$ cat start_10.csv   # CSV, C-alpha atoms
chain,number,residue,atom,x,y,z
A,843,MET,CA,8.5,27.8,30.8
A,844,GLY,CA,8.8,26.7,27.2
A,845,ALA,CA,12.3,26.5,25.8
A,846,ALA,CA,11.3,28.7,22.9
A,847,LEU,CA,10.4,31.6,25.2
A,848,VAL,CA,13.8,31.7,27.0
A,849,PRO,CA,15.8,33.4,24.3
A,850,LEU,CA,13.1,36.0,23.8
A,851,LEU,CA,12.9,36.8,27.5
A,852,VAL,CA,16.7,37.0,27.8
A,853,TYR,CA,16.8,39.3,24.8
A,854,VAL,CA,14.1,41.6,26.2
A,855,VAL,CA,15.9,41.7,29.6
A,856,LEU,CA,19.2,42.7,27.8
A,857,VAL,CA,17.4,45.4,25.8
A,858,VAL,CA,15.9,46.9,28.9
A,859,VAL,CA,19.2,46.7,30.9
A,860,ALA,CA,21.1,48.3,28.0
A,861,ALA,CA,18.6,51.1,27.7
A,862,ALA,CA,18.7,51.7,31.4
A,863,ARG,CA,22.5,52.1,31.2
A,864,ALA,CA,22.5,54.3,28.2
A,865,PRO,CA,23.1,58.0,28.9
A,866,ALA,CA,20.1,60.2,29.1
A,867,ALA,CA,19.3,61.5,25.6
A,868,SER,CA,19.4,65.3,25.2
A,869,ALA,CA,17.0,65.1,22.3
A,870,ALA,CA,13.4,66.2,22.5
A,871,PRO,CA,10.8,63.5,23.4
A,872,ARG,CA,9.7,61.2,20.6
A,873,ALA,CA,6.9,62.6,18.5
A,874,PHE,CA,3.4,61.1,18.9
A,875,PHE,CA,0.6,60.9,16.3
A,876,VAL,CA,-2.9,59.8,17.1
A,877,PHE,CA,-5.7,58.6,14.7
A,878,GLY,CA,-9.2,57.3,15.3
A,879,ASP,CA,-12.4,58.0,17.2
A,880,SER,CA,-13.7,59.5,20.4
A,881,LEU,CA,-11.6,57.3,22.7
A,882,VAL,CA,-8.6,59.2,21.5
A,883,ASP,CA,-10.0,62.5,20.2
A,884,ASN,CA,-8.6,65.4,22.2
A,885,GLY,CA,-10.5,68.3,20.7
A,886,ASN,CA,-10.6,68.2,16.9
A,887,ASN,CA,-14.4,68.1,16.9
A,888,ASN,CA,-14.5,71.4,18.9
A,889,TYR,CA,-13.7,73.0,15.5
A,890,LEU,CA,-16.5,71.2,13.6
A,891,LEU,CA,-20.3,71.6,13.3
A,892,THR,CA,-21.2,68.3,14.8
A,893,THR,CA,-23.1,66.8,17.7
A,894,ALA,CA,-20.2,64.5,18.6
A,895,ARG,CA,-18.6,67.0,21.0
A,896,ALA,CA,-17.2,67.0,24.5
A,897,ASP,CA,-16.4,70.7,24.9
A,898,ALA,CA,-18.9,71.6,27.6
A,899,PRO,CA,-19.1,70.7,31.3
A,900,PRO,CA,-19.1,68.4,33.1
A,901,TYR,CA,-16.6,67.0,30.6
A,902,GLY,CA,-13.1,67.9,31.8
A,903,ILE,CA,-14.2,68.2,35.5
A,904,ASP,CA,-10.9,66.5,36.6
A,905,PHE,CA,-8.7,67.7,33.8
A,906,PRO,CA,-5.8,69.9,35.1
A,907,SER,CA,-7.5,73.0,34.0
A,908,HIS,CA,-11.0,71.7,35.1
A,909,ARG,CA,-12.3,72.8,31.8
A,910,ALA,CA,-13.9,70.8,29.0
A,911,THR,CA,-11.3,70.3,26.2
A,912,GLY,CA,-13.1,68.0,23.8
A,913,ARG,CA,-11.8,64.9,25.4
A,914,PHE,CA,-14.6,62.3,26.1
A,915,SER,CA,-13.4,61.9,29.7
A,916,ASN,CA,-13.7,63.4,33.1
A,917,GLY,CA,-9.9,64.0,32.8
A,918,LEU,CA,-7.1,62.6,30.8
A,919,ASN,CA,-7.6,60.2,27.9
A,920,ILE,CA,-5.4,57.4,26.6
A,921,PRO,CA,-3.1,59.5,24.4
A,922,ASP,CA,-2.6,62.0,27.3
A,923,ILE,CA,-1.4,59.2,29.5
A,924,ILE,CA,0.8,57.7,26.8
A,925,SER,CA,2.4,61.2,26.4
A,926,GLU,CA,3.2,61.2,30.1
A,927,HIS,CA,5.1,57.9,29.6
A,928,LEU,CA,6.9,59.5,26.6
A,929,GLY,CA,7.9,62.4,28.8
A,930,ALA,CA,6.2,64.7,26.3
A,931,GLU,CA,3.4,67.2,26.3
A,932,PRO,CA,0.2,66.0,24.7
A,933,ALA,CA,0.1,66.4,20.9
A,934,LEU,CA,-2.4,69.2,19.9
A,935,PRO,CA,-5.5,68.5,17.9
A,936,TYR,CA,-4.6,68.9,14.2
A,937,LEU,CA,-7.3,71.6,13.8
A,938,SER,CA,-6.0,73.7,16.6
A,939,PRO,CA,-4.7,77.0,15.5
A,940,GLU,CA,-1.9,76.6,18.1
A,941,LEU,CA,-0.4,73.7,16.1
A,942,ARG,CA,2.4,75.6,14.3
A,943,GLY,CA,6.2,76.2,14.7
A,944,ALA,CA,7.9,74.2,17.4
A,945,LYS,CA,4.6,72.6,18.4
A,946,LEU,CA,4.7,70.6,15.2
A,947,LEU,CA,7.7,68.7,16.6
A,948,VAL,CA,5.6,67.2,19.4
A,949,GLY,CA,3.3,65.5,16.8
A,950,ALA,CA,-0.4,65.8,16.2
A,951,ASN,CA,-3.7,64.3,17.1
A,952,PHE,CA,-6.0,63.7,14.0
A,953,ALA,CA,-8.7,61.7,15.8
A,954,SER,CA,-12.4,62.7,15.5
A,955,ALA,CA,-15.3,61.4,17.6
A,956,GLY,CA,-17.8,59.4,15.7
A,957,VAL,CA,-15.6,58.0,12.9
A,958,GLY,CA,-15.1,54.4,12.0
A,959,ILE,CA,-13.2,52.3,9.5
A,960,LEU,CA,-16.0,52.9,7.0
A,961,ASN,CA,-17.0,56.2,5.6
A,962,ASP,CA,-20.7,55.6,6.3
A,963,THR,CA,-20.1,55.0,10.0
A,964,GLY,CA,-21.3,57.9,12.1
A,965,VAL,CA,-23.3,59.6,9.3
A,966,GLN,CA,-25.7,60.9,12.0
A,967,PHE,CA,-22.8,63.2,13.3
A,968,VAL,CA,-22.5,64.8,9.8
A,969,ASN,CA,-19.3,66.8,10.0
A,970,ILE,CA,-16.5,64.6,11.4
A,971,ILE,CA,-13.0,63.9,10.2
A,972,ARG,CA,-13.3,60.5,8.4
A,973,MET,CA,-10.3,58.3,8.1
A,974,GLY,CA,-9.5,59.4,4.5
A,975,ASP,CA,-9.3,62.9,5.7
A,976,GLN,CA,-7.3,62.1,8.8
A,977,LEU,CA,-4.7,60.5,6.6
A,978,ARG,CA,-4.9,63.4,4.2
A,979,TYR,CA,-4.3,65.8,7.1
A,980,PHE,CA,-1.3,63.7,8.1
A,981,GLY,CA,0.2,64.3,4.7
A,982,GLU,CA,-0.6,68.0,5.0
A,983,TYR,CA,1.0,68.1,8.5
A,984,GLN,CA,4.2,66.6,7.0
A,985,ARG,CA,4.4,69.4,4.4
A,986,LYS,CA,4.1,72.0,7.2
A,987,LEU,CA,6.8,70.1,9.2
A,988,ARG,CA,9.2,70.0,6.3
A,989,ALA,CA,8.7,73.7,5.8
A,990,PHE,CA,9.6,74.3,9.4
A,991,ALA,CA,12.3,71.8,10.1
A,992,GLY,CA,13.6,70.8,6.8
A,993,GLU,CA,13.3,67.5,4.7
A,994,GLU,CA,15.8,65.4,6.7
A,995,GLN,CA,14.6,66.3,10.2
A,996,ALA,CA,10.9,65.9,9.2
A,997,ALA,CA,11.5,62.5,7.7
A,998,ARG,CA,13.4,61.4,10.8
A,999,LEU,CA,10.7,62.7,13.2
A,1000,VAL,CA,7.9,60.9,11.3
A,1001,ASN,CA,9.8,57.6,10.9
A,1002,GLY,CA,10.8,57.7,14.6
A,1003,ALA,CA,7.4,58.7,16.0
A,1004,LEU,CA,5.0,56.6,18.0
A,1005,VAL,CA,1.6,56.2,16.4
A,1006,LEU,CA,-1.7,55.2,18.0
A,1007,ILE,CA,-4.8,54.2,16.1
A,1008,THR,CA,-8.1,53.3,17.6
A,1009,LEU,CA,-11.0,52.2,15.3
A,1010,GLY,CA,-13.7,49.6,15.0
A,1011,GLY,CA,-16.2,50.2,17.8
A,1012,ASN,CA,-18.3,52.8,15.9
A,1013,ASP,CA,-18.5,50.5,12.9
A,1014,PHE,CA,-20.7,48.3,15.2
A,1015,VAL,CA,-22.6,50.7,17.5
A,1016,ASN,CA,-22.9,53.6,15.1
A,1017,ASN,CA,-23.4,51.6,11.9
A,1018,TYR,CA,-24.2,47.8,11.8
A,1019,TYR,CA,-26.3,47.9,15.1
A,1020,LEU,CA,-27.3,51.6,15.0
A,1021,VAL,CA,-30.9,50.8,14.0
A,1022,PRO,CA,-32.8,47.5,13.5
A,1023,MET,CA,-32.3,46.3,9.9
A,1024,SER,CA,-29.5,48.9,9.2
A,1025,MET,CA,-28.3,49.1,5.6
A,1026,ARG,CA,-25.0,47.3,6.5
A,1027,SER,CA,-26.9,44.5,8.5
A,1028,ARG,CA,-29.1,43.9,5.4
A,1029,GLN,CA,-26.1,43.9,3.1
A,1030,TYR,CA,-23.9,41.6,5.3
A,1031,ALA,CA,-24.3,38.8,7.7
A,1032,LEU,CA,-22.1,39.6,10.8
A,1033,PRO,CA,-19.1,37.4,9.9
A,1034,ASP,CA,-19.0,38.8,6.4
A,1035,TYR,CA,-19.3,42.4,7.7
A,1036,VAL,CA,-16.4,41.8,10.1
A,1037,SER,CA,-14.2,40.4,7.2
A,1038,PHE,CA,-15.2,43.5,5.1
A,1039,ILE,CA,-14.2,46.1,7.8
A,1040,ILE,CA,-11.0,44.2,8.5
A,1041,SER,CA,-10.1,44.4,4.8
A,1042,GLU,CA,-10.9,48.1,4.8
A,1043,TYR,CA,-8.9,48.7,8.0
A,1044,ARG,CA,-5.9,47.0,6.3
A,1045,LYS,CA,-5.9,49.7,3.6
A,1046,ILE,CA,-5.9,52.4,6.3
A,1047,LEU,CA,-2.9,50.9,8.1
A,1048,ALA,CA,-1.0,50.3,4.8
A,1049,ARG,CA,-1.5,53.9,3.9
A,1050,LEU,CA,-0.1,55.0,7.3
A,1051,TYR,CA,3.0,52.9,6.5
A,1052,GLU,CA,3.2,54.6,3.1
A,1053,LEU,CA,3.1,58.0,4.9
A,1054,GLY,CA,6.1,57.1,7.0
A,1055,ALA,CA,4.7,55.5,10.2
A,1056,ARG,CA,7.1,52.8,11.5
A,1057,ARG,CA,5.8,52.2,15.1
A,1058,VAL,CA,2.0,51.9,15.2
A,1059,ILE,CA,0.0,50.7,18.2
A,1060,VAL,CA,-3.3,49.2,16.8
A,1061,THR,CA,-5.9,48.8,19.5
A,1062,GLY,CA,-8.6,46.2,19.3
A,1063,THR,CA,-12.2,46.8,20.4
A,1064,GLY,CA,-13.2,46.6,24.0
A,1065,PRO,CA,-16.3,44.7,25.3
A,1066,LEU,CA,-18.9,46.9,23.5
A,1067,GLY,CA,-21.8,45.0,25.0
A,1068,CYS,CA,-20.8,46.0,28.5
A,1069,VAL,CA,-20.8,49.8,28.2
A,1070,PRO,CA,-23.7,51.6,29.9
A,1071,ALA,CA,-25.3,52.7,26.7
A,1072,GLU,CA,-25.8,49.1,25.6
A,1073,LEU,CA,-26.8,47.9,29.1
A,1074,ALA,CA,-29.5,50.6,29.1
A,1075,GLN,CA,-30.9,49.4,25.7
A,1076,HIS,CA,-30.4,45.6,25.9
A,1077,SER,CA,-30.0,44.5,29.5
A,1078,SER,CA,-32.6,43.9,32.2
A,1079,ASN,CA,-30.3,42.3,34.8
A,1080,GLY,CA,-26.9,43.9,34.2
A,1081,GLU,CA,-25.6,41.3,31.9
A,1082,CYS,CA,-23.6,42.4,28.9
A,1083,ALA,CA,-25.3,42.5,25.5
A,1084,ALA,CA,-24.3,39.2,24.0
A,1085,GLU,CA,-24.7,40.1,20.3
A,1086,LEU,CA,-22.4,43.1,20.5
A,1087,ASN,CA,-19.8,41.1,22.3
A,1088,ARG,CA,-20.1,38.4,19.7
A,1089,ALA,CA,-19.2,41.0,17.1
A,1090,VAL,CA,-16.1,42.0,19.1
A,1091,ASP,CA,-15.1,38.3,19.5
A,1092,LEU,CA,-15.2,38.0,15.7
A,1093,PHE,CA,-13.4,41.3,15.0
A,1094,ASN,CA,-10.4,41.3,17.4
A,1095,PRO,CA,-8.8,38.0,16.4
A,1096,GLN,CA,-9.1,38.9,12.7
A,1097,LEU,CA,-7.5,42.3,13.5
A,1098,VAL,CA,-4.5,40.6,15.2
A,1099,ASP,CA,-4.1,38.2,12.2
A,1100,MET,CA,-4.3,41.2,9.8
A,1101,VAL,CA,-1.6,43.1,11.7
A,1102,ARG,CA,0.7,40.1,11.7
A,1103,GLY,CA,0.3,39.9,7.9
A,1104,LEU,CA,1.2,43.5,7.5
A,1105,ASN,CA,4.3,43.0,9.6
A,1106,ARG,CA,5.3,40.0,7.4
A,1107,ASP,CA,4.9,42.2,4.3
A,1108,ALA,CA,7.0,45.0,5.9
A,1109,GLY,CA,9.6,42.5,7.2
A,1110,ALA,CA,9.5,44.2,10.6
A,1111,ASP,CA,7.3,44.7,13.7
A,1112,VAL,CA,5.9,48.0,12.5
A,1113,PHE,CA,2.4,47.3,13.9
A,1114,VAL,CA,1.7,46.2,17.5
A,1115,SER,CA,-1.6,44.8,18.5
A,1116,ALA,CA,-3.1,46.1,21.8
A,1117,ASN,CA,-5.7,43.9,23.4
A,1118,ALA,CA,-8.1,46.5,24.6
A,1119,TYR,CA,-10.8,43.9,25.2
A,1120,ARG,CA,-8.6,42.1,27.8
A,1121,ALA,CA,-7.4,45.4,29.4
A,1122,ASN,CA,-11.1,46.5,29.9
A,1123,PHE,CA,-12.5,43.1,30.8
A,1124,ASP,CA,-10.0,42.6,33.6
A,1125,TYR,CA,-11.5,45.4,35.7
A,1126,LEU,CA,-15.1,44.8,34.5
A,1127,THR,CA,-15.0,41.3,35.8
A,1128,ASN,CA,-12.9,41.9,38.9
A,1129,PRO,CA,-13.6,45.5,39.9
A,1130,GLN,CA,-12.6,45.3,43.6
A,1131,SER,CA,-9.0,44.3,42.6
A,1132,TYR,CA,-8.8,47.6,40.7
A,1133,GLY,CA,-10.5,49.8,43.3
A,1134,PHE,CA,-13.8,50.2,41.4
A,1135,THR,CA,-17.1,50.0,43.2
A,1136,ASN,CA,-19.2,50.5,40.0
A,1137,VAL,CA,-18.4,49.1,36.5
A,1138,LYS,CA,-21.9,49.1,35.0
A,1139,VAL,CA,-23.3,52.6,35.7
A,1140,ALA,CA,-21.8,55.7,34.0
A,1141,CYS,CA,-20.6,58.4,36.3
A,1142,CYS,CA,-22.3,61.1,34.1
A,1143,GLY,CA,-25.7,60.5,32.4
A,1144,GLN,CA,-29.3,59.7,32.9
A,1145,GLY,CA,-31.7,56.8,32.7
A,1146,PRO,CA,-30.9,53.2,33.3
A,1147,TYR,CA,-27.2,52.8,34.0
A,1148,ASN,CA,-26.9,56.5,33.2
A,1149,GLY,CA,-26.6,55.2,29.7
A,1150,ILE,CA,-29.3,57.2,27.9
A,1151,GLY,CA,-28.4,60.3,25.9
A,1152,LEU,CA,-25.4,62.6,26.4
A,1153,CYS,CA,-23.5,63.7,29.4
A,1154,THR,CA,-24.6,67.3,30.0
A,1155,ALA,CA,-24.8,69.9,32.7
A,1156,ALA,CA,-28.3,68.5,33.5
A,1157,SER,CA,-27.0,65.0,33.9
A,1158,ASN,CA,-26.4,63.0,37.1
A,1159,VAL,CA,-22.7,63.2,38.0
A,1160,CYS,CA,-21.1,61.0,40.6
A,1161,ALA,CA,-18.9,62.5,43.3
A,1162,ASN,CA,-16.5,59.5,43.6
A,1163,ARG,CA,-15.2,59.4,40.1
A,1164,GLU,CA,-12.2,57.3,41.1
A,1165,GLU,CA,-14.5,54.4,41.8
A,1166,PHE,CA,-16.3,54.4,38.5
A,1167,ALA,CA,-15.0,52.6,35.4
A,1168,PHE,CA,-17.2,54.6,33.0
A,1169,TRP,CA,-17.4,58.3,32.7
A,1170,ASP,CA,-20.3,58.5,30.2
A,1171,ALA,CA,-22.4,56.1,28.3
A,1172,PHE,CA,-19.5,54.9,26.2
A,1173,HIS,CA,-16.2,56.2,27.5
A,1174,PRO,CA,-13.9,55.2,30.4
A,1175,THR,CA,-13.0,57.5,33.3
A,1176,GLU,CA,-9.4,58.7,33.6
A,1177,ARG,CA,-8.8,56.1,36.3
A,1178,ALA,CA,-9.8,53.3,33.9
A,1179,ASN,CA,-7.8,54.9,31.1
A,1180,ARG,CA,-4.7,54.7,33.3
A,1181,ILE,CA,-5.3,51.0,33.9
A,1182,ILE,CA,-5.6,50.4,30.2
A,1183,VAL,CA,-2.4,52.3,29.4
A,1184,GLY,CA,-0.6,50.5,32.2
A,1185,GLN,CA,-1.3,47.2,30.4
A,1186,PHE,CA,-0.2,48.8,27.1
A,1187,MET,CA,3.1,49.8,28.8
A,1188,HIS,CA,3.9,46.7,30.9
A,1189,GLY,CA,1.5,43.9,30.0
A,1190,SER,CA,2.4,40.5,28.8
A,1191,THR,CA,1.8,39.3,25.2
A,1192,ASP,CA,-1.7,38.6,26.2
A,1193,TYR,CA,-2.2,42.4,26.2
A,1194,MET,CA,0.4,43.6,23.6
A,1195,HIS,CA,1.7,41.5,20.7
A,1196,PRO,CA,4.5,41.1,19.8
A,1197,MET,CA,5.8,43.3,22.7
A,1198,ASN,CA,4.6,45.9,25.1
A,1199,LEU,CA,5.2,49.6,24.8
A,1200,SER,CA,8.0,49.8,27.5
A,1201,THR,CA,9.9,47.2,25.5
A,1202,ILE,CA,9.4,49.0,22.3
A,1203,LEU,CA,10.6,52.3,23.8
A,1204,ALA,CA,13.7,50.6,25.3
A,1205,MET,CA,14.5,48.8,22.0
A,1206,ASP,CA,14.1,51.9,19.9
A,1207,GLN,CA,16.3,53.9,22.3
A,1208,LEU,CA,19.0,51.3,22.1
A,1209,GLN,CA,18.8,51.3,18.3
A,1210,GLU,CA,18.9,55.0,18.2
A,1211,GLY,CA,21.9,55.1,20.5
A,1212,SER,CA,23.8,52.7,18.2
A,1213,LEU,CA,23.4,54.9,15.1
$ encode --input "start_10.csv" --output "structure tokens"
Amino acid sequence: MGAALVPLLVYVVLVVVAAARAPAASAAPRAFFVFGDSLVDNGNNNYLLTTARADAPPYGIDFPSHRATGRFSNGLNIPDIISEHLGAEPALPYLSPELRGAKLLVGANFASAGVGILNDTGVQFVNIIRMGDQLRYFGEYQRKLRAFAGEEQAARLVNGALVLITLGGNDFVNNYYLVPMSMRSRQYALPDYVSFIISEYRKILARLYELGARRVIVTGTGPLGCVPAELAQHSSNGECAAELNRAVDLFNPQLVDMVRGLNRDAGADVFVSANAYRANFDYLTNPQSYGFTNVKVACCGQGPYNGIGLCTAASNVCANREEFAFWDAFHPTERANRIIVGQFMHGSTDYMHPMNLSTILAMDQLQEGSL
């Protein structure tokens, strides 16, 4: 073990031990805010006139209520599982009429299926909550929170909240590679396009900081070329689509570098990079170790790899959903989501940089207890 790592590991151990010894907090669980796309949307698009919806069966078949909620999953999605680790109920979709009064203290989910970093991503879905609007709604939420809880408590809740943001995948599959010779692919060579969307993403994260976010998990993009939709279009032998994975290989390292730069500017580890590619790729390349029997075919769908079109009541639906990595043409099953969140919580710096979520929660609890 490198000598430079020893002080860091000792520090982390001390933080965890101190947090474990601390008396149980009587305060409510930490607030949680979510931004991004369909991987984390929990129902905002139910309230919009858009085709990017998951509010009809068989979506939600394994959700506790066994009803479709707008989550692009057979059951729980990534924010739901993080909320379990926080000891909190899931934050409601911002557009839900139930988000009022004490529910505001839980946080809010602003994500909307189909969106990307760029405003022209997902134009085919028409009415979705683009990132400028998600951020505007966050400001609007804070005004409601101040009216309910007062200025001081509202500021403390927002500054102390955990934030998750997931963007980037749609800027490739629903923009640059959406159709041959797309506008963006004619405008930019792939390396230049990646640099462009990274620069635009930086503006989004900087705005989140301006709005009070101080602990932000920023997920990279998973292996897009390996999802059933892309296998159905581009693979004859089950191999992942190389061009899409090349795009991801360009995007993720630049995202990590950009996040580090933001932290240098802030003088603190505000932003934490989550390696979604590695978390997904582990079980895609070694499925038996994770209990999967199928990591190429979607549980719900039709056509090759069940990767054509939408998951609907007319689709093929697998019975053994615990054994499938993909629920529909693009999205993981609840089982896969739990594996991903497990790496966010406990993974090494190969998965979470500069620290995993368990360490963040322990450090922040210790800091709060010392105030």
$ closest_residue --input "start_10.csv" --among "A:Leu1066, A:Phe1172, A:Leu977, A:Arg895" --to "Leu1047 in chain A" --atoms "only C-alpha atoms"
A:Leu977
$ residues_around --input "start_10.csv" --residues "Thr892 in chain A" --least-positions-apart "4" --cutoff "9 Å" --atoms "only C-alpha atoms" --output "PyMOL selection string"
chain A and resi 887-888+967-970
$ closest_residue --input "start_10.csv" --among "A:Thr963, A:Thr1201, A:Thr1008, A:Ser1041" --to "Arg1026 in chain A" --atoms "all atoms listed in the file"
A:Thr963
$ closest_residue --input "start_10.csv" --among "A:Gly956, A:Gly992, A:Gly885, A:Pro906" --to "Tyr936 in chain A" --atoms "all atoms listed in the file"
A:Gly885
$ closest_residue --input "start_10.csv" --among "A:Leu937, A:Met1023, A:Ala1110, A:Leu946" --to "Leu987 in chain A" --atoms "all atoms listed in the file"
A:Leu946
$ residues_around --input "start_10.csv" --residues "Arg872 in chain A" --least-positions-apart "4" --cutoff "8 Å" --atoms "all atoms listed in the file" --output "list in words"
Leu928, Ala930, Val948, Leu999, Gly1002, Ala1003 and Leu1004 of chain A
$ closest_residue --input "start_10.csv" --among "A:Leu1073, A:Gln1096, A:Gln1185, A:Ser1200" --to "Asn1148 in chain A" --atoms "all atoms listed in the file"
A:Leu1073
